[in-house]
file target-v4.tsv (TSV, C-alpha atoms)
chain	number	residue	atom	x	y	z
C	1	MET	CA	-35.91	-26.18	-59.01
C	2	ASP	CA	-35.47	-24.83	-62.55
C	3	SER	CA	-32.75	-22.38	-63.58
C	4	GLN	CA	-35.11	-19.36	-63.46
C	5	GLU	CA	-35.97	-20.09	-59.82
C	6	GLN	CA	-32.29	-20.41	-58.95
C	7	ASN	CA	-31.60	-16.82	-60.06
C	8	LEU	CA	-34.72	-15.26	-58.59
C	9	THR	CA	-34.28	-12.30	-56.21
C	10	THR	CA	-36.56	-11.14	-53.44
C	11	ALA	CA	-36.88	-7.78	-55.20
C	12	GLU	CA	-38.41	-9.52	-58.20
C	13	LEU	CA	-40.85	-11.43	-56.01
C	14	ALA	CA	-41.88	-8.28	-54.21
C	15	GLY	CA	-42.64	-6.66	-57.56
C	16	ARG	CA	-39.89	-4.04	-57.47
C	17	PRO	CA	-37.51	-3.84	-60.41
C	18	MET	CA	-33.89	-4.74	-59.72
C	19	GLY	CA	-31.80	-1.66	-59.04
C	20	SER	CA	-34.65	0.57	-57.88
C	21	GLN	CA	-34.20	2.06	-54.45
C	22	PRO	CA	-35.78	0.38	-51.44
C	23	PRO	CA	-37.97	2.51	-49.17
C	24	GLN	CA	-35.97	4.85	-46.96
C	25	ARG	CA	-35.29	3.35	-43.57
C	26	ALA	CA	-33.49	4.56	-40.52
C	27	PRO	CA	-29.74	3.96	-40.79
C	28	PHE	CA	-28.70	0.45	-39.92
C	29	GLY	CA	-26.75	0.07	-36.74
C	30	GLY	CA	-28.87	-1.45	-34.01
C	31	SER	CA	-27.83	-4.67	-32.41
C	32	PRO	CA	-28.99	-7.90	-34.05
C	33	GLN	CA	-31.08	-8.65	-30.99
C	34	SER	CA	-32.89	-5.31	-31.06
C	35	ASP	CA	-33.64	-5.35	-34.79
C	36	GLU	CA	-34.13	-9.04	-35.50
C	37	VAL	CA	-37.45	-10.83	-35.28
C	38	ALA	CA	-37.13	-14.26	-33.72
C	39	GLU	CA	-37.28	-17.21	-36.09
C	40	GLY	CA	-40.35	-18.60	-34.34
C	41	THR	CA	-42.29	-15.36	-34.78
C	42	PRO	CA	-45.28	-15.84	-37.08
C	43	LEU	CA	-45.54	-13.68	-40.20
C	44	LEU	CA	-49.04	-12.57	-39.22
C	45	SER	CA	-49.97	-11.02	-35.89
C	46	PRO	CA	-51.96	-13.11	-33.41
C	47	GLN	CA	-54.93	-10.78	-33.93
C	48	GLU	CA	-54.81	-11.29	-37.71
C	49	VAL	CA	-54.61	-15.06	-37.25
C	50	ASP	CA	-57.55	-15.00	-34.81
C	51	ASP	CA	-59.61	-12.88	-37.23
C	52	LEU	CA	-58.86	-15.23	-40.13
C	53	ARG	CA	-59.69	-18.30	-38.04
C	54	THR	CA	-62.96	-16.73	-36.88
C	55	GLN	CA	-63.90	-16.00	-40.48
C	56	TRP	CA	-62.94	-19.56	-41.47
C	57	TYR	CA	-65.12	-21.12	-38.75
C	58	SER	CA	-68.04	-18.95	-39.83
C	59	ILE	CA	-67.60	-19.97	-43.46
C	60	GLN	CA	-67.21	-23.63	-42.54
C	61	GLY	CA	-70.36	-23.47	-40.42
C	62	SER	CA	-72.37	-22.08	-43.34
C	63	PHE	CA	-71.43	-24.96	-45.65
C	64	VAL	CA	-74.42	-27.14	-44.79
C	65	ASP	CA	-76.96	-24.46	-45.73
C	66	GLU	CA	-75.12	-22.92	-48.70
C	67	PRO	CA	-72.23	-25.10	-49.90
C	68	ARG	CA	-71.45	-23.15	-53.07
C	69	LYS	CA	-71.42	-19.82	-51.27
C	70	ALA	CA	-69.25	-21.29	-48.50
C	71	VAL	CA	-66.70	-22.57	-51.02
C	72	GLU	CA	-66.64	-19.16	-52.76
C	73	GLN	CA	-66.11	-17.46	-49.40
C	74	ALA	CA	-63.39	-19.97	-48.49
C	75	ASP	CA	-61.63	-19.21	-51.78
C	76	ASN	CA	-61.85	-15.49	-51.04
C	77	LEU	CA	-60.56	-15.92	-47.49
C	78	VAL	CA	-57.58	-17.95	-48.71
C	79	ALA	CA	-56.84	-15.22	-51.28
C	80	VAL	CA	-57.03	-12.56	-48.54
C	81	ALA	CA	-54.65	-14.55	-46.32
C	82	MET	CA	-52.20	-15.09	-49.20
C	83	LYS	CA	-52.31	-11.38	-50.07
C	84	ARG	CA	-51.61	-10.45	-46.46
C	85	LEU	CA	-48.68	-12.87	-46.33
C	86	ALA	CA	-47.34	-11.38	-49.58
C	87	GLU	CA	-47.61	-7.87	-48.11
C	88	THR	CA	-45.81	-8.99	-44.96
C	89	PHE	CA	-43.14	-10.66	-47.08
C	90	ALA	CA	-42.64	-7.52	-49.19
C	91	ASP	CA	-42.30	-5.34	-46.09
C	92	GLU	CA	-39.86	-7.73	-44.40
C	93	ARG	CA	-37.69	-8.09	-47.50
C	94	SER	CA	-37.59	-4.30	-47.97
C	95	LYS	CA	-36.32	-3.93	-44.42
C	96	LEU	CA	-33.69	-6.59	-45.03
C	97	GLU	CA	-32.58	-5.13	-48.35
C	98	ALA	CA	-32.27	-1.66	-46.87
C	99	GLN	CA	-29.67	-3.05	-44.47
C	100	TRP	CA	-27.23	-4.24	-47.12
C	101	ASP	CA	-28.07	-2.64	-50.46
C	102	ARG	CA	-26.29	0.69	-50.03
C	103	GLU	CA	-24.36	0.85	-53.30
C	104	GLY	CA	-21.38	-1.08	-51.95
C	105	SER	CA	-21.02	0.88	-48.71
C	106	ALA	CA	-22.19	-1.89	-46.39
C	107	SER	CA	-19.41	-3.25	-44.18
C	108	THR	CA	-18.72	-6.95	-43.79
C	109	GLU	CA	-20.31	-6.71	-40.34
C	110	ASP	CA	-23.46	-5.15	-41.84
C	111	LEU	CA	-23.56	-7.98	-44.37
C	112	ARG	CA	-23.02	-10.62	-41.66
C	113	ILE	CA	-25.95	-9.26	-39.66
C	114	ALA	CA	-28.09	-9.00	-42.81
C	115	MET	CA	-27.29	-12.66	-43.55
C	116	GLN	CA	-28.39	-13.64	-40.03
C	117	ARG	CA	-31.65	-11.77	-40.53
C	118	TYR	CA	-32.26	-13.39	-43.92
C	119	ARG	CA	-31.71	-16.78	-42.27
C	120	SER	CA	-34.22	-15.91	-39.56
C	121	PHE	CA	-36.77	-14.67	-42.12
C	122	PHE	CA	-36.18	-17.73	-44.32
C	123	ASN	CA	-36.88	-20.04	-41.38
C	124	ARG	CA	-40.05	-18.08	-40.59
C	125	LEU	CA	-41.19	-18.56	-44.19
C	126	LEU	CA	-40.68	-22.30	-43.94
C	127	VAL	CA	-43.14	-22.64	-41.05
C	128	VAL	CA	-45.99	-20.95	-42.94

call {"tool": "encode", "arguments": {"input": "target-v4.tsv", "output": "structure tokens"}}
result
Amino acid sequence: MDSQEQNLTTAELAGRPMGSQPPQRAPFGGSPQSDEVAEGTPLLSPQEVDDLRTQWYSIQGSFVDEPRKAVEQADNLVAVAMKRLAETFADERSKLEAQWDREGSASTEDLRIAMQRYRSFFNRLLVV
């Protein structure tokens, strides 16, 4: 990991400049269990995964008759899946940031819960 990666923030990855306000969310205060998504929860819904798999099988099945077109479609489908994952990531990180980035007003308990949620989200990212 180079030095630039070590100092990277999720705001930068999501394309929002550092210091700009996250989207307005309801005030933080629910229990960790009610607000947290389980670590084993996929980043895409089961319906999205099924749709992507169905498209993949269709593309794969067309390879014999039109290999070039199938490869182009596969490339497009991978790009669509990556874009959807990036959108999911940006939404999740905005929710997380909204919990702790309140101009220094977050309590230690708020920060502890935010850290637990980052850990959960991080572990979800690792299974992608």

call {"tool": "atom_distance", "arguments": {"input": "target-v4.tsv", "atom1": "CA of Asn76 in chain C", "atom2": "CA of Lys95 in chain C"}}
result
28.8 Å

call {"tool": "axis_aligned_box", "arguments": {"input": "target-v4.tsv", "around": "range 85-88 of chain C", "padding_each_side": "8 Å", "output": "AutoDock Vina command-line options"}}
result
--center_x -47.2 --center_y -10.4 --center_z -47.3 --size_x 18.9 --size_y 21.0 --size_z 20.6

call {"tool": "atom_distance", "arguments": {"input": "target-v4.tsv", "atom1": "CA of Arg93 in chain C", "atom2": "CA of Gln116 in chain C"}}
result
13.2 Å

call {"tool": "atom_distance", "arguments": {"input": "target-v4.tsv", "atom1": "CA of Arg119 in chain C", "atom2": "CA of Trp100 in chain C"}}
result
14.2 Å

call {"tool": "closest_residue", "arguments": {"input": "target-v4.tsv", "among": "C:Ala81, C:Leu96, C:Ile59, C:Ala106", "to": "Tyr118 in chain C", "atoms": "all atoms listed in the file"}}
result
C:Leu96

call {"tool": "residues_around", "arguments": {"input": "target-v4.tsv", "residues": "Asp75 in chain C", "least_positions_apart": "5", "cutoff": "12 Å", "atoms": "all atoms listed in the file", "output": "number ranges by chain"}}
result
C: 55-56, 59-60, 68-70, 80-82
